[in-house]
>>> print(open('run01.tsv').read())   # TSV, C-alpha atoms
chain	number	residue	atom	x	y	z
A	1	MET	CA	-15.66	-3.19	23.94
A	2	HIS	CA	-13.83	-5.87	25.87
A	3	PRO	CA	-10.42	-4.69	27.24
A	4	LEU	CA	-8.86	-7.68	25.48
A	5	TRP	CA	-9.57	-6.10	22.08
A	6	LYS	CA	-7.99	-2.82	23.18
A	7	TRP	CA	-4.81	-4.49	24.39
A	8	MET	CA	-4.75	-6.63	21.28
A	9	ALA	CA	-4.77	-3.44	19.16
A	10	VAL	CA	-1.93	-1.97	21.23
A	11	LEU	CA	0.11	-5.18	21.01
A	12	ILE	CA	-0.42	-5.48	17.26
A	13	MET	CA	0.70	-1.88	16.75
A	14	ALA	CA	3.72	-2.51	18.98
A	15	GLY	CA	4.74	-5.09	16.40
A	16	VAL	CA	3.58	-3.18	13.35
A	17	ILE	CA	5.53	0.04	14.08
A	18	PRO	CA	9.06	-1.49	14.07
A	19	LEU	CA	8.20	-3.89	11.25
A	20	ALA	CA	6.81	-1.03	9.15
A	21	PHE	CA	10.26	0.59	9.20
A	22	LEU	CA	12.55	-2.43	9.39
A	23	GLY	CA	10.64	-5.30	7.77
A	24	GLU	CA	11.34	-6.72	4.33
A	25	VAL	CA	9.69	-4.82	1.50
A	26	SER	CA	9.58	-5.24	-2.22
A	27	VAL	CA	12.36	-3.23	-3.89
A	28	GLN	CA	10.83	-1.15	-6.66
A	29	VAL	CA	11.99	1.72	-8.83
A	30	ILE	CA	10.03	4.96	-8.35
A	31	LEU	CA	8.53	3.64	-5.11
A	32	HIS	CA	11.80	2.99	-3.26
A	33	GLU	CA	11.22	3.11	0.53
A	34	THR	CA	7.93	4.97	0.09
A	35	ILE	CA	6.33	1.53	-0.41
A	36	ARG	CA	6.27	1.45	3.42
A	37	ASN	CA	3.56	4.12	3.31
A	38	LEU	CA	1.25	1.24	2.41
A	39	TYR	CA	1.16	0.48	6.16
A	40	TRP	CA	-0.12	3.98	6.98
A	41	HIS	CA	-2.01	5.31	3.96
A	42	VAL	CA	-3.90	2.20	2.83
A	43	THR	CA	-4.62	0.92	6.35
A	44	MET	CA	-6.31	4.25	7.17
A	45	TRP	CA	-8.69	3.91	4.21
A	46	PHE	CA	-9.41	0.23	4.89
A	47	SER	CA	-10.26	1.07	8.51
A	48	MET	CA	-12.35	4.00	7.30
A	49	PHE	CA	-14.35	1.64	5.04
A	50	ILE	CA	-15.02	-0.76	7.92
A	51	LEU	CA	-16.10	2.06	10.24
A	52	LEU	CA	-18.34	3.56	7.54
A	53	GLY	CA	-19.83	0.11	7.02
A	54	GLY	CA	-20.70	0.21	10.72
A	55	ALA	CA	-22.25	3.66	10.24
A	56	VAL	CA	-24.44	2.39	7.38
A	57	PHE	CA	-25.51	-0.57	9.52
A	58	SER	CA	-26.40	1.82	12.37
A	59	GLY	CA	-28.34	4.05	9.95
A	60	ILE	CA	-30.35	1.11	8.61
A	61	THR	CA	-31.00	-0.12	12.16
A	62	TYR	CA	-32.28	3.36	13.08
A	63	LEU	CA	-34.67	3.29	10.12
A	64	ARG	CA	-35.95	-0.10	11.25
A	65	LYS	CA	-36.17	0.52	15.02
A	66	GLN	CA	-36.58	4.32	15.18
A	67	ASP	CA	-34.21	4.37	18.18
A	68	LEU	CA	-32.22	7.65	18.32
A	69	ASP	CA	-29.27	5.86	19.94
A	70	TRP	CA	-28.59	4.16	16.58
A	71	ASP	CA	-28.54	7.58	14.89
A	72	LEU	CA	-25.97	8.74	17.44
A	73	LYS	CA	-23.88	5.65	16.69
A	74	ALA	CA	-24.06	6.29	12.94
A	75	ALA	CA	-23.02	9.94	13.35
A	76	LEU	CA	-20.09	9.13	15.65
A	77	LEU	CA	-18.82	6.30	13.45
A	78	THR	CA	-18.96	8.60	10.43
A	79	GLN	CA	-17.08	11.29	12.35
A	80	ILE	CA	-14.26	8.93	13.35
A	81	ALA	CA	-14.12	7.35	9.88
A	82	LEU	CA	-13.81	10.82	8.38
A	83	VAL	CA	-10.77	11.55	10.56
A	84	PHE	CA	-9.22	8.26	9.34
A	85	GLY	CA	-10.08	9.26	5.76
A	86	LEU	CA	-8.44	12.67	6.14
A	87	ILE	CA	-5.27	11.07	7.55
A	88	GLY	CA	-5.40	8.69	4.58
A	89	ILE	CA	-5.67	11.63	2.16
A	90	VAL	CA	-2.72	13.46	3.78
A	91	THR	CA	-0.49	10.35	3.81
A	92	GLY	CA	-1.53	9.69	0.20
A	93	MET	CA	-0.59	13.23	-0.80
A	94	ILE	CA	2.85	12.85	0.78
A	95	TRP	CA	3.27	9.57	-1.14
A	96	ALA	CA	2.18	11.24	-4.39
A	97	GLN	CA	4.71	14.04	-3.86
A	98	PHE	CA	7.57	11.51	-3.73
A	99	THR	CA	6.41	9.16	-6.49
A	100	TRP	CA	4.45	11.34	-8.92
A	101	GLY	CA	6.19	14.63	-8.12
A	102	LYS	CA	3.00	16.43	-7.10
A	103	LEU	CA	0.83	16.48	-3.99
A	104	TRP	CA	-2.31	16.20	-6.10
A	105	ILE	CA	-2.88	15.26	-9.72
A	106	LYS	CA	-6.01	15.03	-11.85
A	107	ASP	CA	-6.61	11.33	-11.27
A	108	PRO	CA	-9.97	9.51	-11.08
A	109	GLN	CA	-8.97	7.75	-7.87
A	110	LEU	CA	-7.80	10.92	-6.14
A	111	ASN	CA	-10.73	13.01	-7.31
A	112	GLY	CA	-13.11	10.20	-6.28
A	113	ALA	CA	-11.56	10.20	-2.81
A	114	ALA	CA	-11.91	13.98	-2.59
A	115	VAL	CA	-15.58	13.86	-3.64
A	116	THR	CA	-16.18	11.12	-1.05
A	117	ILE	CA	-14.66	13.23	1.72
A	118	LEU	CA	-16.74	16.23	0.60
A	119	ALA	CA	-19.89	14.08	0.54
A	120	TYR	CA	-19.24	13.04	4.13
A	121	LEU	CA	-18.51	16.64	5.17
A	122	ALA	CA	-21.88	17.52	3.64
A	123	TYR	CA	-23.40	14.80	5.88
A	124	PHE	CA	-22.46	16.87	8.93
A	125	VAL	CA	-23.63	20.13	7.34
A	126	LEU	CA	-26.95	18.41	6.68
A	127	ARG	CA	-27.22	17.12	10.24
A	128	ASN	CA	-26.49	20.50	11.74
A	129	SER	CA	-29.05	22.22	9.54
A	130	ILE	CA	-32.01	20.20	10.91
A	131	ASN	CA	-33.31	20.84	14.42
A	132	ASP	CA	-35.93	18.13	14.78
A	133	PRO	CA	-33.99	15.06	16.10
A	134	ARG	CA	-36.26	12.51	14.38
A	135	LYS	CA	-36.14	14.26	11.01
A	136	LYS	CA	-32.38	14.73	11.41
A	137	ALA	CA	-31.90	11.03	12.16
A	138	GLU	CA	-34.05	9.87	9.24
A	139	ILE	CA	-32.49	12.14	6.62
A	140	SER	CA	-28.98	11.39	7.95
A	141	ALA	CA	-29.56	7.64	7.77
A	142	VAL	CA	-30.74	7.82	4.16
A	143	TYR	CA	-27.94	10.23	3.19
A	144	GLY	CA	-25.41	7.96	4.95
A	145	ILE	CA	-26.46	5.02	2.77
A	146	PHE	CA	-26.27	7.21	-0.35
A	147	ALA	CA	-22.80	8.53	0.58
A	148	PHE	CA	-21.50	5.00	1.19
A	149	VAL	CA	-22.72	3.79	-2.20
A	150	LEU	CA	-21.22	6.90	-3.80
A	151	MET	CA	-17.89	6.12	-2.14
A	152	VAL	CA	-17.91	2.51	-3.38
A	153	VAL	CA	-18.59	3.69	-6.92
A	154	LEU	CA	-16.10	6.58	-6.92
A	155	VAL	CA	-13.24	4.90	-5.08
A	156	LEU	CA	-13.60	1.20	-5.80
A	157	VAL	CA	-15.44	0.81	-9.10
A	158	LEU	CA	-14.87	3.79	-11.40
A	159	PRO	CA	-11.05	4.02	-11.12
A	160	ARG	CA	-10.77	0.27	-11.81
A	161	LEU	CA	-12.34	0.55	-15.24
A	162	GLN	CA	-9.77	-0.03	-17.94
A	163	PRO	CA	-10.46	3.10	-20.06
A	164	VAL	CA	-10.04	5.28	-16.98
A	165	ASP	CA	-6.39	6.21	-16.99
A	166	SER	CA	-5.56	6.18	-13.30
A	167	LEU	CA	-2.00	6.24	-11.98
A	168	HIS	CA	-3.04	4.73	-8.67
A	169	PRO	CA	-1.85	1.16	-7.97
A	170	GLY	CA	-4.60	-1.42	-8.51
A	171	LYS	CA	-6.62	1.04	-10.59
A	172	GLY	CA	-6.82	1.85	-14.31
A	173	GLY	CA	-5.25	-1.49	-15.21
A	174	ASN	CA	-2.19	-0.92	-12.97
A	175	PRO	CA	-0.96	-3.83	-10.85
A	176	SER	CA	-1.88	-3.70	-7.20
A	177	PHE	CA	0.59	-4.21	-4.38
A	178	GLY	CA	-0.19	-7.92	-4.31
A	179	LYS	CA	2.02	-8.22	-7.39
A	180	TYR	CA	5.02	-6.82	-5.52
A	181	ASP	CA	4.50	-8.87	-2.39
A	182	LEU	CA	4.49	-12.45	-3.53
A	183	SER	CA	6.63	-13.50	-0.57
A	184	ASN	CA	3.87	-12.14	1.73
A	185	ASP	CA	6.33	-10.17	3.90
A	186	MET	CA	4.28	-7.00	3.58
A	187	ARG	CA	0.92	-8.68	4.07
A	188	LEU	CA	2.12	-9.91	7.48
A	189	VAL	CA	2.33	-6.27	8.59
A	190	PHE	CA	-0.43	-4.77	6.43
A	191	TYR	CA	-3.43	-6.90	7.50
A	192	PRO	CA	-2.71	-6.79	11.26
A	193	ALA	CA	-2.27	-2.99	10.93
A	194	ILE	CA	-5.78	-2.72	9.43
A	195	LEU	CA	-7.18	-4.77	12.31
A	196	ALA	CA	-5.34	-2.68	14.90
A	197	TRP	CA	-6.44	0.70	13.46
A	198	THR	CA	-10.04	-0.52	13.14
A	199	LEU	CA	-10.01	-1.63	16.79
A	200	ILE	CA	-8.53	1.71	17.86
A	201	GLY	CA	-11.21	3.48	15.81
A	202	TRP	CA	-13.87	1.38	17.53
A	203	TRP	CA	-12.35	2.22	20.91
A	204	ILE	CA	-12.54	5.95	20.14
A	205	PHE	CA	-16.13	5.43	18.95
A	206	GLU	CA	-17.09	3.66	22.18
A	207	LEU	CA	-15.64	6.47	24.31
A	208	SER	CA	-17.35	9.15	22.18
A	209	LEU	CA	-20.65	7.28	22.47
A	210	ARG	CA	-20.41	7.12	26.24
A	211	ILE	CA	-19.58	10.84	26.42
A	212	GLN	CA	-22.54	11.75	24.19
A	213	ARG	CA	-24.92	9.51	26.14
A	214	LEU	CA	-23.82	11.17	29.40
A	215	LYS	CA	-24.24	14.62	27.85
A	216	ASN	CA	-27.72	13.69	26.64
A	217	THR	CA	-28.67	12.39	30.11
A	218	THR	CA	-27.34	15.59	31.73
A	219	LYS	CA	-29.36	17.71	29.27
A	220	ALA	CA	-32.52	15.70	29.99
B	1	MET	CA	8.51	-20.18	-25.95
B	2	THR	CA	11.19	-17.62	-26.69
B	3	TYR	CA	10.37	-15.99	-23.37
B	4	LEU	CA	10.97	-19.19	-21.43
B	5	ARG	CA	14.11	-19.93	-23.37
B	6	PHE	CA	15.45	-16.49	-22.58
B	7	PHE	CA	14.65	-16.88	-18.89
B	8	ALA	CA	16.26	-20.32	-18.75
B	9	LEU	CA	19.29	-18.79	-20.37
B	10	CYS	CA	19.53	-16.05	-17.78
B	11	CYS	CA	19.39	-18.52	-14.91
B	12	LEU	CA	22.06	-20.57	-16.56
B	13	ILE	CA	24.30	-17.61	-17.05
B	14	PHE	CA	23.87	-16.27	-13.60
B	15	SER	CA	24.48	-19.51	-11.83
B	16	GLN	CA	27.48	-20.63	-13.87
B	17	ALA	CA	30.56	-19.09	-15.32
B	18	PRO	CA	29.88	-17.19	-18.55
B	19	LEU	CA	29.77	-19.21	-21.71
B	20	THR	CA	31.78	-18.29	-24.72
B	21	ALA	CA	30.86	-17.59	-28.33
B	22	GLN	CA	32.48	-20.87	-29.36
B	23	ASP	CA	29.39	-22.74	-28.12
B	24	SER	CA	27.52	-21.68	-31.22
B	25	THR	CA	26.81	-24.42	-33.71
B	26	LYS	CA	24.23	-22.72	-35.86
B	27	ALA	CA	26.11	-19.87	-37.48
B	28	SER	CA	24.33	-18.75	-40.62
B	29	ALA	CA	23.54	-15.54	-42.47
B	30	SER	CA	20.20	-15.09	-40.71
B	31	VAL	CA	21.68	-15.54	-37.23
B	32	LEU	CA	22.28	-12.08	-35.77
B	33	ALA	CA	23.73	-13.28	-32.49
B	34	GLN	CA	25.19	-16.63	-31.75
B	35	ALA	CA	24.80	-18.65	-28.61
B	36	GLY	CA	27.34	-17.33	-26.17
B	37	ASP	CA	27.50	-13.77	-27.48
B	38	THR	CA	27.34	-11.21	-24.70
B	39	LEU	CA	24.10	-9.24	-24.71
B	40	ALA	CA	24.73	-7.30	-21.54
B	41	ASP	CA	27.37	-7.19	-18.85
B	42	LEU	CA	25.42	-6.31	-15.73
B	43	ASN	CA	28.44	-6.36	-13.46
B	44	ALA	CA	29.96	-3.47	-15.37
B	45	LEU	CA	26.85	-1.46	-14.53
B	46	ASN	CA	25.98	-2.83	-11.09
B	47	ARG	CA	29.33	-3.93	-9.62
B	48	GLY	CA	29.62	-7.06	-7.51
B	49	ILE	CA	26.22	-8.69	-7.91
B	50	LEU	CA	25.27	-10.94	-4.98
B	51	GLU	CA	21.65	-11.79	-5.79
B	52	PHE	CA	19.32	-11.29	-8.71
B	53	GLN	CA	15.63	-11.42	-9.41
B	54	VAL	CA	14.05	-11.87	-12.84
B	55	ASP	CA	10.68	-10.20	-13.26
B	56	LEU	CA	8.54	-13.07	-14.44
B	57	GLY	CA	5.81	-12.89	-11.82
B	58	ASP	CA	8.16	-14.55	-9.36
B	59	SER	CA	9.69	-12.61	-6.49
B	60	THR	CA	12.41	-15.15	-5.67
B	61	TRP	CA	15.90	-13.78	-5.22
B	62	TYR	CA	18.52	-16.11	-6.71
B	63	GLN	CA	21.97	-16.30	-5.17
B	64	MET	CA	24.98	-15.79	-7.39
B	65	SER	CA	26.95	-18.98	-7.05
B	66	ASN	CA	29.83	-18.04	-9.36
B	67	GLN	CA	31.22	-15.04	-11.10
B	68	GLY	CA	28.68	-15.12	-13.92
B	69	HIS	CA	27.31	-11.69	-14.60
B	70	VAL	CA	26.68	-11.37	-18.31
B	71	ILE	CA	23.53	-12.04	-20.24
B	72	LEU	CA	24.37	-14.21	-23.21
B	73	ALA	CA	22.37	-14.81	-26.30
B	74	GLN	CA	21.09	-18.04	-27.61
B	75	ASP	CA	20.91	-17.96	-31.38
B	76	VAL	CA	19.00	-14.82	-32.26
B	77	VAL	CA	17.53	-15.16	-35.71
B	78	GLU	CA	16.09	-12.34	-37.82
B	79	GLY	CA	12.42	-11.94	-36.95
B	80	ASP	CA	12.75	-13.41	-33.45
B	81	ARG	CA	10.57	-11.59	-30.99
B	82	LEU	CA	12.61	-11.41	-27.82
B	83	PRO	CA	11.04	-10.21	-24.60
B	84	HIS	CA	11.75	-7.11	-22.63
B	85	LEU	CA	13.66	-8.51	-19.71
B	86	GLU	CA	13.84	-6.90	-16.27
B	87	ILE	CA	16.49	-8.07	-13.87
B	88	LYS	CA	16.83	-6.68	-10.39
B	89	THR	CA	20.18	-7.09	-8.70
B	90	LYS	CA	21.46	-6.73	-5.17
B	91	THR	CA	25.11	-5.77	-5.06
B	92	ALA	CA	27.91	-6.32	-2.56
B	93	ASP	CA	27.45	-2.84	-1.07
B	94	ASN	CA	23.79	-3.68	-0.29
B	95	GLU	CA	22.42	-1.51	-3.10
B	96	PHE	CA	19.69	-2.49	-5.54
B	97	TYR	CA	19.61	-1.96	-9.32
B	98	GLU	CA	16.86	-2.42	-11.86
B	99	ASN	CA	18.20	-3.47	-15.26
B	100	ARG	CA	16.04	-3.44	-18.36
B	101	ILE	CA	17.28	-5.32	-21.40
B	102	ARG	CA	15.53	-5.09	-24.72
B	103	VAL	CA	16.73	-6.98	-27.78
B	104	LEU	CA	15.39	-5.92	-31.15
B	105	THR	CA	16.07	-7.37	-34.57
B	106	GLN	CA	15.34	-5.32	-37.65
B	107	GLN	CA	16.61	-5.46	-41.22
B	108	GLY	CA	19.57	-7.65	-40.46
B	109	THR	CA	20.72	-5.69	-37.43
B	110	LEU	CA	20.60	-6.53	-33.76
B	111	THR	CA	19.93	-3.69	-31.31
B	112	ILE	CA	20.39	-4.16	-27.60
B	113	HIS	CA	19.05	-1.54	-25.19
B	114	VAL	CA	20.31	-1.84	-21.63
B	115	SER	CA	19.31	0.61	-18.94
B	116	SER	CA	20.26	0.37	-15.30
B	117	ASP	CA	18.66	2.37	-12.50
B	118	LYS	CA	19.87	2.36	-8.95
B	119	ILE	CA	16.93	1.81	-6.59
B	120	GLU	CA	17.53	4.13	-3.67
B	121	MET	CA	16.69	2.39	-0.40
B	122	ALA	CA	17.40	3.70	3.08
B	123	THR	CA	20.16	1.20	3.71
B	124	GLY	CA	22.42	3.83	5.28
B	125	LEU	CA	19.72	5.04	7.66
B	126	ARG	CA	19.18	1.48	8.78
B	127	ALA	CA	22.86	0.61	8.97
B	128	ASN	CA	23.85	3.54	11.22
B	129	GLY	CA	20.91	2.94	13.53
B	130	LYS	CA	19.26	6.33	12.94
B	131	ILE	CA	16.05	4.55	11.95
B	132	GLY	CA	15.75	3.72	15.67
B	133	VAL	CA	15.08	7.41	16.36
B	134	VAL	CA	12.25	7.44	13.78
B	135	ILE	CA	10.71	4.31	15.33
B	136	ALA	CA	11.04	5.80	18.83
B	137	VAL	CA	9.25	9.02	17.75
B	138	VAL	CA	6.39	7.06	16.15
B	139	PHE	CA	6.15	4.90	19.27
B	140	VAL	CA	5.95	7.99	21.50
B	141	LEU	CA	3.18	9.45	19.30
B	142	PHE	CA	1.25	6.18	19.35
B	143	LEU	CA	1.65	5.72	23.11
B	144	THR	CA	0.46	9.31	23.63
B	145	LEU	CA	-2.72	8.46	21.70
B	146	ILE	CA	-3.24	5.30	23.77
B	147	GLY	CA	-2.47	7.23	26.99
B	148	LEU	CA	-5.11	9.83	26.05
B	149	LEU	CA	-7.69	7.12	25.38
B	150	LEU	CA	-6.94	5.40	28.72
B	151	TYR	CA	-7.14	8.75	30.56
B	152	GLN	CA	-10.45	9.52	28.84
B	153	GLN	CA	-11.71	6.07	29.81
B	154	GLN	CA	-10.83	6.61	33.48
B	155	SER	CA	-12.46	10.07	33.53
B	156	LEU	CA	-15.60	8.62	31.93
B	157	ARG	CA	-15.83	5.89	34.55
B	158	LYS	CA	-15.76	8.54	37.33
B	159	TRP	CA	-18.34	10.66	35.48
B	160	GLU	CA	-20.62	7.65	34.97
B	161	LYS	CA	-20.34	6.71	38.67
B	162	THR	CA	-21.27	10.27	39.72
B	163	GLN	CA	-24.17	10.20	37.27
B	164	THR	CA	-25.46	6.89	38.68
B	165	LYS	CA	-25.30	8.24	42.29
B	166	THR	CA	-27.25	11.38	41.44
>>> encode(input="run01.tsv", output="structure tokens")
Amino acid sequence: MHPLWKWMAVLIMAGVIPLAFLGEVSVQVILHETIRNLYWHVTMWFSMFILLGGAVFSGITYLRKQDLDWDLKAALLTQIALVFGLIGIVTGMIWAQFTWGKLWIKDPQLNGAAVTILAYLAYFVLRNSINDPRKKAEISAVYGIFAFVLMVVLVLVLPRLQPVDSLHPGKGGNPSFGKYDLSNDMRLVFYPAILAWTLIGWWIFELSLRIQRLKNTTKA
Amino acid sequence: MTYLRFFALCCLIFSQAPLTAQDSTKASASVLAQAGDTLADLNALNRGILEFQVDLGDSTWYQMSNQGHVILAQDVVEGDRLPHLEIKTKTADNEFYENRIRVLTQQGTLTIHVSSDKIEMATGLRANGKIGVVIAVVFVLFLTLIGLLLYQQQSLRKWEKTQTKT
């Protein structure tokens, strides 16, 4: 990763942090100032999606090339994306406490997110239960593709269906945040924040990859 | 059509001095409210309105140019289907209010529901500068993360150099 990308991420966040607290936001009942959580909660899940997309790509590349380095990449990207996902869940729970009055409710979107996280936790259980590196890599790659599709269905498709009564914005027929941000003040902070967190995630991935490669060389 | 008429009316009322009931020219038995009748006095609920926003898929805040603060009716005739109107206001003390106005006509009677909710924003926290402390804490946390990554990067470089030598 070129140092320019790293510094770009730092610079973007240096702008995002003050704007996230001081910038113009849409004034809404129920949401009040919690609307600013959009910059933390939603950006985490967007970055997680991008990183998991990278993991699926790495998995497919492993299946095509049979190079174990691609399996390592897929596993590390999934690991980092999972951390982002867990932060997203926690920030979402805090948001739910203030707007819905409960940390967790029986909602298709929330339950879909929980199942997704569990499916990815199972990915690591599966990896650790297989000793043969080739078999581990193959099964992990296939499971990784399955888990990604499952996530798309459970988080992006199912809660959007009209009969599904979801409270989550943008789901179950509810308006998404685009409706509240017609002046684009929030988008100016939101999209750069996604880019910055994705770059930081990629930076962590690159460092983890180098550490694992060194460990593997030392073992050999 | 009624919807647009109602919206146009609101803009008119908010940007000019309130009209009076004498403007009505169509008084008849079926007219439940005449043009100029007060439907809602938002100032009594919100106090000192500076700006307002009408929820019609438009997020523009309109400035109050005069002292107009009441929602007046055009002629409301029995059977008219008037919209549920949401008006957000920003008051002189920098507070926000969400006002919902619903006009119903049924069996020769006119019912007006007006509810007003104060939208709690952290204006105080921002005004007294305490938000600066929150931003500083988040900055420290973020810089710690970046510091850790840079430290890890440096350590890795040394490790990789040692590895290459051996």
>>> closest_residue(input="run01.tsv", among="B:Ala44, B:Lys88, B:Gly124, B:Asn94", to="chain A", atoms="only C-alpha atoms")
B:Lys88
>>> atom_distance(input="run01.tsv", atom1="atom CA of Val54 of chain B", atom2="atom CA of Leu85 of chain B")
7.7 Å
>>> interface_residues(input="run01.tsv", of="chain A", to="chain B", cutoff="8 Å", atoms="only C-alpha atoms", output="JSON, numbers by chain")
{"A": [10, 14, 17, 18, 21, 22, 27, 28, 29, 30, 32, 33, 179, 180, 181, 182, 183, 204, 207, 210, 211, 214]}
>>> residues_around(input="run01.tsv", residues="segment 106-115 of chain A", least_positions_apart="2", cutoff="8 Å", atoms="all atoms listed in the file", output="list in words")
Ile89, Trp104, Ile117, Leu118, Ala119, Met151, Leu154, Val155, Leu158, Pro159, Val164, Asp165, Ser166, Leu167, His168 and Lys171 of chain A
>>> closest_residue(input="run01.tsv", among="A:Thr43, A:Trp70, A:Leu31, A:Trp5", to="Arg187 of chain A", atoms="all atoms listed in the file")
A:Thr43
